[in-house]
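Coordinates as given in model.txt (compact mmCIF, C-alpha atoms):
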# COMPACT_ATOMS: atom_id res chain seq x y z
CA THR J 1 131.65 59.96 136.37
CA ASN J 2 128.46 59.57 138.35
CA ASP J 3 126.25 60.73 135.49
CA LEU J 4 124.79 58.51 132.78
CA PRO J 5 123.26 59.39 129.40
CA VAL J 6 119.62 60.15 130.13
CA ASP J 7 116.32 60.88 128.43
CA PRO J 8 115.18 64.24 129.88
CA LEU J 9 111.69 62.83 130.39
CA ILE J 10 112.88 59.99 132.64
CA MET J 11 112.94 60.83 136.35
CA LEU J 12 113.43 57.32 137.78
CA ASN J 13 115.07 54.36 136.10
CA VAL J 14 115.32 50.97 137.82
CA SER J 15 117.21 48.21 136.02
CA HIS J 16 117.39 44.50 136.95
CA LEU J 17 116.81 45.08 140.67
CA ARG J 18 117.28 42.09 142.99
CA LYS J 19 116.99 41.74 146.77
CA GLU J 20 117.18 38.47 148.68
CA TYR J 21 116.59 37.73 152.39
CA ASP J 22 117.71 34.36 153.81
CA ARG J 23 117.08 32.54 150.51
CA VAL J 24 113.75 34.31 149.98
CA VAL J 25 113.94 36.46 146.86
CA ALA J 26 111.86 39.55 147.71
CA VAL J 27 112.61 41.38 144.44
CA ASP J 28 113.68 39.41 141.38
CA ASP J 29 114.97 41.20 138.27
CA VAL J 30 112.59 44.19 138.46
CA SER J 31 113.06 46.93 135.85
CA LEU J 32 110.84 49.99 135.51
CA THR J 33 110.93 53.56 134.25
CA VAL J 34 108.93 56.51 135.58
CA ASN J 35 108.70 59.69 133.54
CA ARG J 36 108.14 63.25 134.64
CA GLY J 37 104.45 64.11 134.68
CA GLU J 38 103.47 60.45 134.95
CA ILE J 39 101.47 58.58 137.58
CA PHE J 40 102.89 55.09 137.88
CA GLY J 41 100.90 52.43 139.74
CA LEU J 42 102.86 49.69 141.51
CA LEU J 43 100.41 46.86 142.18
CA GLY J 44 100.43 43.42 143.73
CA PRO J 45 99.22 41.32 146.67
CA ASN J 46 100.70 41.47 150.16
CA GLY J 47 104.25 40.14 150.16
CA ALA J 48 104.66 40.68 146.41
CA GLY J 49 107.75 42.86 146.84
CA LYS J 50 106.25 46.32 146.32
CA THR J 51 107.47 47.89 149.57
CA THR J 52 110.89 46.22 149.28
CA THR J 53 111.20 47.68 145.78
CA ILE J 54 110.25 51.14 147.07
CA ARG J 55 112.68 50.98 150.02
CA THR J 56 115.48 49.85 147.74
CA VAL J 57 114.78 52.68 145.30
CA LEU J 58 114.91 55.11 148.24
CA ASN J 59 118.26 53.72 149.44
CA VAL J 60 116.68 52.65 152.73
CA ILE J 61 117.93 49.14 152.00
CA GLN J 62 120.69 48.10 149.63
CA PRO J 63 119.96 45.90 146.59
CA ASP J 64 121.98 42.77 145.96
CA SER J 65 122.26 43.78 142.31
CA GLY J 66 120.79 46.18 139.78
CA THR J 67 121.04 49.92 139.16
CA ILE J 68 118.83 52.84 140.16
CA THR J 69 119.18 56.36 138.79
CA PHE J 70 117.33 59.61 139.41
CA ASP J 71 117.45 62.04 136.50
CA GLY J 72 120.41 60.02 135.21
CA LYS J 73 122.35 60.20 138.49
CA HIS J 74 123.03 57.53 141.08
CA PHE J 75 121.72 58.07 144.61
CA SER J 76 123.45 60.68 146.74
CA PRO J 77 122.33 62.41 149.97
CA GLU J 78 121.23 65.44 147.93
CA MET J 79 118.60 63.26 146.26
CA TRP J 80 116.48 63.31 149.43
CA ASN J 81 115.61 66.94 148.71
CA ILE J 82 114.03 66.10 145.34
CA ILE J 83 112.15 63.01 146.58
CA GLY J 84 108.94 62.87 148.60
CA TYR J 85 108.04 59.64 150.37
CA LEU J 86 104.91 58.52 152.17
CA PRO J 87 105.54 55.18 153.95
CA GLU J 88 102.71 52.72 154.51
CA GLU J 89 103.38 52.82 158.26
CA ARG J 90 102.65 56.04 160.09
CA GLY J 91 105.84 57.72 161.29
CA LEU J 92 104.68 60.85 163.09
CA TYR J 93 105.68 62.05 166.56
CA ARG J 94 102.45 61.52 168.44
CA LYS J 95 103.09 64.05 171.24
CA SER J 96 104.15 66.86 168.88
CA LYS J 97 101.88 69.57 167.56
CA ILE J 98 100.93 69.24 163.90
CA VAL J 99 102.57 72.46 162.72
CA ASN J 100 105.80 71.67 164.57
CA THR J 101 105.85 68.17 163.11
CA ILE J 102 105.47 69.41 159.53
CA LEU J 103 108.07 72.15 160.04
CA TYR J 104 110.52 69.57 161.38
CA PHE J 105 110.11 67.32 158.34
CA ALA J 106 110.44 70.39 156.10
CA SER J 107 113.75 71.25 157.75
CA LEU J 108 115.03 67.76 156.92
CA LYS J 109 114.36 68.59 153.28
CA GLY J 110 116.38 71.79 153.46
CA LEU J 111 113.56 74.31 153.89
CA SER J 112 113.95 77.23 156.28
CA GLU J 113 111.09 77.98 158.65
CA SER J 114 110.29 81.19 156.76
CA GLU J 115 110.01 79.20 153.51
CA ALA J 116 108.02 76.40 155.06
CA ARG J 117 105.42 78.26 157.15
CA PRO J 118 103.36 79.68 154.23
CA ARG J 119 103.35 76.25 152.60
CA VAL J 120 102.24 74.63 155.87
CA SER J 121 99.32 77.07 156.13
CA TYR J 122 98.33 76.44 152.51
CA TRP J 123 98.34 72.65 152.80
CA LEU J 124 96.63 72.53 156.19
CA GLU J 125 93.81 74.60 154.73
CA ARG J 126 93.74 72.50 151.57
CA PHE J 127 93.36 69.31 153.59
CA GLY J 128 90.73 70.79 155.92
CA LEU J 129 93.06 71.05 158.92
CA LYS J 130 93.38 74.84 159.08
CA ASP J 131 92.16 75.06 162.69
CA SER J 132 94.00 71.94 163.88
CA GLY J 133 97.64 73.04 163.60
CA HIS J 134 97.98 73.53 167.36
CA ARG J 135 96.66 70.03 168.16
CA LYS J 136 98.88 67.08 168.97
CA VAL J 137 99.20 64.34 166.37
CA GLU J 138 97.75 61.75 168.76
CA GLU J 139 94.51 63.77 168.96
CA LEU J 140 93.81 63.27 165.25
CA SER J 141 91.83 60.51 163.57
CA LYS J 142 93.76 58.01 161.44
CA GLY J 143 92.54 59.76 158.30
CA ASN J 144 93.76 63.15 159.48
CA GLN J 145 97.11 61.68 160.52
CA GLN J 146 97.39 60.36 156.97
CA LYS J 147 96.76 63.90 155.69
CA VAL J 148 99.60 65.24 157.87
CA GLN J 149 101.95 62.59 156.49
CA LEU J 150 100.91 63.50 152.96
CA ILE J 151 101.68 67.16 153.65
CA CYS J 152 105.13 66.16 154.95
CA SER J 153 105.79 64.26 151.71
CA ILE J 154 104.87 67.10 149.32
CA LEU J 155 105.69 70.32 151.21
CA HIS J 156 109.21 70.61 149.74
CA LYS J 157 107.89 70.34 146.15
CA PRO J 158 109.59 67.06 145.19
CA GLN J 159 110.35 66.10 141.61
CA LEU J 160 109.70 62.43 142.44
CA LEU J 161 106.88 61.48 144.81
CA ILE J 162 106.61 57.89 146.09
CA LEU J 163 103.45 56.97 147.98
CA ASP J 164 102.87 53.60 149.68
CA GLU J 165 99.11 53.05 150.15
CA PRO J 166 98.29 56.79 150.16
CA PHE J 167 94.51 56.30 150.34
CA SER J 168 94.72 54.29 153.57
CA GLY J 169 92.43 55.72 156.23
CA LEU J 170 90.90 58.35 153.95
CA ASP J 171 87.13 58.54 153.52
CA PRO J 172 85.68 58.85 149.97
CA VAL J 173 85.60 62.67 150.05
CA ASN J 174 89.26 62.90 151.03
CA GLN J 175 90.21 60.23 148.51
CA ILE J 176 88.78 62.52 145.82
CA LEU J 177 90.71 65.48 147.29
CA LEU J 178 93.97 63.50 147.23
CA LYS J 179 93.29 62.37 143.67
CA ASP J 180 92.80 66.01 142.62
CA ILE J 181 96.05 67.05 144.32
CA LEU J 182 98.01 64.25 142.65
CA MET J 183 96.60 65.27 139.28
CA GLU J 184 97.74 68.85 139.93
CA LEU J 185 101.25 67.65 140.81
CA ARG J 186 101.26 65.58 137.62
CA GLN J 187 100.48 68.76 135.67
CA GLN J 188 103.56 70.29 137.31
CA ASP J 189 105.71 67.47 135.84
CA VAL J 190 106.17 65.63 139.14
CA ALA J 191 106.86 61.92 138.65
CA ILE J 192 104.51 59.99 140.95
CA VAL J 193 104.77 56.35 141.99
CA PHE J 194 102.07 54.91 144.15
CA SER J 195 101.63 51.44 145.53
CA THR J 196 98.08 50.41 146.34
CA HIS J 197 95.61 47.54 146.47
CA GLN J 198 92.78 49.77 145.23
CA MET J 199 92.31 48.92 141.57
CA GLU J 200 89.57 51.52 141.20
CA GLN J 201 92.00 54.35 141.99
CA VAL J 202 94.59 52.88 139.64
CA GLU J 203 92.12 52.72 136.76
CA LYS J 204 91.12 56.34 137.30
CA MET J 205 94.55 57.85 137.75
CA CYS J 206 97.51 55.91 136.40
CA ASP J 207 99.26 56.42 133.08
CA THR J 208 101.29 53.24 133.58
CA ILE J 209 100.96 50.21 135.87
CA CYS J 210 103.39 47.53 136.97
CA LEU J 211 101.96 44.36 138.51
CA ILE J 212 104.35 42.47 140.79
CA ASN J 213 103.84 39.00 142.25
CA LYS J 214 106.39 36.98 144.24
CA GLY J 215 109.05 39.56 143.52
CA ARG J 216 108.74 39.45 139.75
CA ILE J 217 106.99 41.70 137.24
CA VAL J 218 103.93 39.93 135.85
CA LEU J 219 102.57 42.76 133.73
CA GLN J 220 103.73 46.23 132.77
Structure encoded using structure tokens:
Amino acid sequence: TNDLPVDPLIMLNVSHLRKEYDRVVAVDDVSLTVNRGEIFGLLGPNGAGKTTTIRTVLNVIQPDSGTITFDGKHFSPEMWNIIGYLPEERGLYRKSKIVNTILYFASLKGLSESEARPRVSYWLERFGLKDSGHRKVEELSKGNQQKVQLICSILHKPQLLILDEPFSGLDPVNQILLKDILMELRQQDVAIVFSTHQMEQVEKMCDTICLINKGRIVLQ
């Protein structure tokens, strides 16, 4: 069977994860657990293995060893519809209009246009982009492009939300707005993992932290 015994609180369980590239061990025996309604901070310097860990969890790259389960189940294509992911690199279509871009990403998560459009309107207004939906992505500032990517990651109401440097490009006012939104999602029992260098945000928000250096967990 594909199912394992599971604690109903646990959304993500990573056990003894390892990934090696040409004799460089990027992730070395990493184990972590993220519960529903928890904000989990994944911390560490550049090159520590945070992004490799995230990409392995998301099945973007395959681990050399270790197990990863979501709600007690191993990864399957259906899992994409319960996961939201914000990559550190911007991945938007620069020539596309904002609304069309968000609707396209929503369709990849299984939402129909009729389901998605009211949510798009809500989140554009929430992020202060209500009157910008007709604009092309390339016309936006870096901060506003980050907002669009954030909308794409949460529009389908994921159960697990993974954010890689979500505060990048956001001014202090919008950092507070994002913090408030993440706290609301936490109240809705969403499991949230975010990787960041900003210790101040971690101290304010996280229930649990995991500090990684040179591919290994230093502190949890």
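Between CA of Cys152 (chain J) and CA of Trp123 (chain J) the interatomic distance comes to 9.6 Å.
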Mind checking which residues fall within 8 Å of Ile98 (chain J), counting all atoms listed in the file, ignoring those fewer than 3 positions away in the same chain, and posting them as number ranges by chain?
-> J: 101-102, 132-137, 148
Include C-alpha atoms and write out the residues we just selected as a compact mmCIF listing (two decimals), in the frame of the given file.
# COMPACT_ATOMS: atom_id res chain seq x y z
CA THR J 101 105.85 68.17 163.11
CA ILE J 102 105.47 69.41 159.53
CA SER J 132 94.00 71.94 163.88
CA GLY J 133 97.64 73.04 163.60
CA HIS J 134 97.98 73.53 167.36
CA ARG J 135 96.66 70.03 168.16
CA LYS J 136 98.88 67.08 168.97
CA VAL J 137 99.20 64.34 166.37
CA VAL J 148 99.60 65.24 157.87
Using only C-alpha atoms, the shortest atom-to-atom distance to Arg119 (chain J) among J:Gln149, J:Ile83, J:Lys157, J:Ser76 belongs to J:Lys157
Of the candidates J:Asn100, J:Gln145, J:Thr52, J:Gln188, which shows the shortest atom-to-atom distance to Leu160 (chain J), using all atoms listed in the file?
-> J:Gln188
Please identify all polymer residues within 7 Å of region 29-40 of chain J, counting only C-alpha atoms, omitting same-chain residues fewer than 4 positions from it, and present them as a count of residues only.
-> 26
Two-atom distance - CA of Ser195 (chain J), CA of Asp71 (chain J) (Å) |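 A separation of 21.1 Å between them.
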Long-range neighbours of Leu170 (chain J) as a list in words, 10 Å cut-off, all atoms listed in the file, 5 positions minimum in chain =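 That gives Ser141, Lys142, Gly143, Asn144, Gln145, Gln146, Lys147, Gln175, Ile176, Leu177 and Leu178 of chain J.
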Between CA of Thr196 (chain J) and CA of Gly41 (chain J), what is the spacing in Å?
->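 Distance between the two atoms: 7.5 Å.
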Would you please work out which residue, of J:His197, J:Lys179, J:Arg23, J:Lys109, is nearest to Asp164 (chain J) when using only C-alpha atoms?
-> J:His197
Counting all atoms listed in the file, figure out which residue out of J:Glu184, J:Glu115, J:Asp171, J:Glu165 gets nearest to Leu42 (chain J).
-> J:Glu165
Skip Gly110 (chain J) itself and residues of its chain fewer than 3 positions away, then list as JSON, numbers by chain all residues within 8 Å of it, counting all atoms listed in the file.
-> {"J": [81, 106, 107]}
Restricting the output to C-alpha atoms, write the selected residues as a PDB file, in the frame of the given file.
ATOM      1  CA  ASN J  81     115.610  66.940 148.710  1.00  0.00           C
ATOM      2  CA  ALA J 106     110.440  70.390 156.100  1.00  0.00           C
ATOM      3  CA  SER J 107     113.750  71.250 157.750  1.00  0.00           C
TER       4      SER J 107
END
Nearest to Gly91 (chain J), chosen from J:Leu161, J:Met183, J:Leu43, J:Leu150, with all atoms listed in the file counted in the distances |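 Closest residue, counting all atoms listed in the file: J:Leu150.
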Which residue gives the smallest distance to Pro158 (chain J) among J:Pro8, J:Gly84, J:Pro118, J:Pro63, with only C-alpha atoms counted?
-> J:Gly84
Quick one: 3 Å padding each side, axis-aligned, all listed atoms of region 133-147 of chain J - centre and edge lengths in Å to one decimal, as JSON?
{"center_x": 95.5, "center_y": 65.8, "center_z": 162.3, "size_x": 13.4, "size_y": 21.5, "size_z": 19.3}
Any chance you could build region 61-80 of chain J out to N, CA, C and O atoms and write it as a compact mmCIF listing (two decimals), in the coordinates of the input?
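Once everything was written out, this is selection17.txt:
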# COMPACT_ATOMS: atom_id res chain seq x y z
N ILE J 61 117.23 50.41 151.98
CA ILE J 61 117.93 49.14 152.00
C ILE J 61 118.74 49.01 150.72
O ILE J 61 118.40 49.62 149.70
N GLN J 62 119.80 48.24 150.77
CA GLN J 62 120.69 48.10 149.63
C GLN J 62 120.31 46.90 148.78
O GLN J 62 120.05 45.82 149.31
N PRO J 63 120.25 47.05 147.44
CA PRO J 63 119.96 45.90 146.59
C PRO J 63 121.16 44.96 146.51
O PRO J 63 122.30 45.37 146.73
N ASP J 64 120.89 43.71 146.20
CA ASP J 64 121.98 42.77 145.96
C ASP J 64 122.60 43.01 144.58
O ASP J 64 123.79 42.81 144.38
N SER J 65 121.77 43.43 143.64
CA SER J 65 122.26 43.78 142.31
C SER J 65 121.23 44.66 141.62
O SER J 65 120.10 44.80 142.08
N GLY J 66 121.66 45.27 140.52
CA GLY J 66 120.79 46.18 139.78
C GLY J 66 121.24 47.62 139.94
O GLY J 66 122.07 47.94 140.80
N THR J 67 120.70 48.49 139.11
CA THR J 67 121.04 49.92 139.16
C THR J 67 119.77 50.76 139.28
O THR J 67 118.71 50.39 138.77
N ILE J 68 119.92 51.88 139.97
CA ILE J 68 118.83 52.84 140.16
C ILE J 68 119.39 54.22 139.90
O ILE J 68 120.41 54.59 140.49
N THR J 69 118.74 54.98 139.02
CA THR J 69 119.18 56.36 138.79
C THR J 69 117.99 57.32 138.87
O THR J 69 116.86 56.96 138.55
N PHE J 70 118.29 58.52 139.31
CA PHE J 70 117.33 59.61 139.41
C PHE J 70 117.81 60.71 138.48
O PHE J 70 118.88 61.28 138.72
N ASP J 71 117.03 60.99 137.44
CA ASP J 71 117.45 62.04 136.50
C ASP J 71 118.84 61.74 135.94
O ASP J 71 119.66 62.63 135.73
N GLY J 72 119.14 60.44 135.77
CA GLY J 72 120.41 60.02 135.21
C GLY J 72 121.55 59.93 136.20
O GLY J 72 122.67 59.57 135.83
N LYS J 73 121.29 60.21 137.48
CA LYS J 73 122.35 60.20 138.49
C LYS J 73 122.09 59.10 139.51
O LYS J 73 120.95 58.83 139.87
N HIS J 74 123.16 58.50 140.01
CA HIS J 74 123.03 57.53 141.08
C HIS J 74 122.69 58.24 142.39
O HIS J 74 122.91 59.45 142.54
N PHE J 75 122.18 57.47 143.35
CA PHE J 75 121.72 58.07 144.61
C PHE J 75 122.86 58.76 145.34
O PHE J 75 123.97 58.26 145.45
N SER J 76 122.55 59.95 145.85
CA SER J 76 123.45 60.68 146.74
C SER J 76 122.58 61.35 147.80
O SER J 76 121.37 61.47 147.62
N PRO J 77 123.16 61.80 148.92
CA PRO J 77 122.33 62.41 149.97
C PRO J 77 121.49 63.58 149.48
O PRO J 77 120.40 63.83 150.00
N GLU J 78 121.99 64.31 148.46
CA GLU J 78 121.23 65.44 147.93
C GLU J 78 119.90 65.01 147.31
O GLU J 78 118.98 65.82 147.18
N MET J 79 119.82 63.74 146.91
CA MET J 79 118.60 63.26 146.26
C MET J 79 117.38 63.34 147.18
O MET J 79 116.25 63.47 146.72
N TRP J 80 117.62 63.26 148.51
CA TRP J 80 116.48 63.31 149.43
C TRP J 80 115.66 64.58 149.23
O TRP J 80 114.45 64.58 149.46
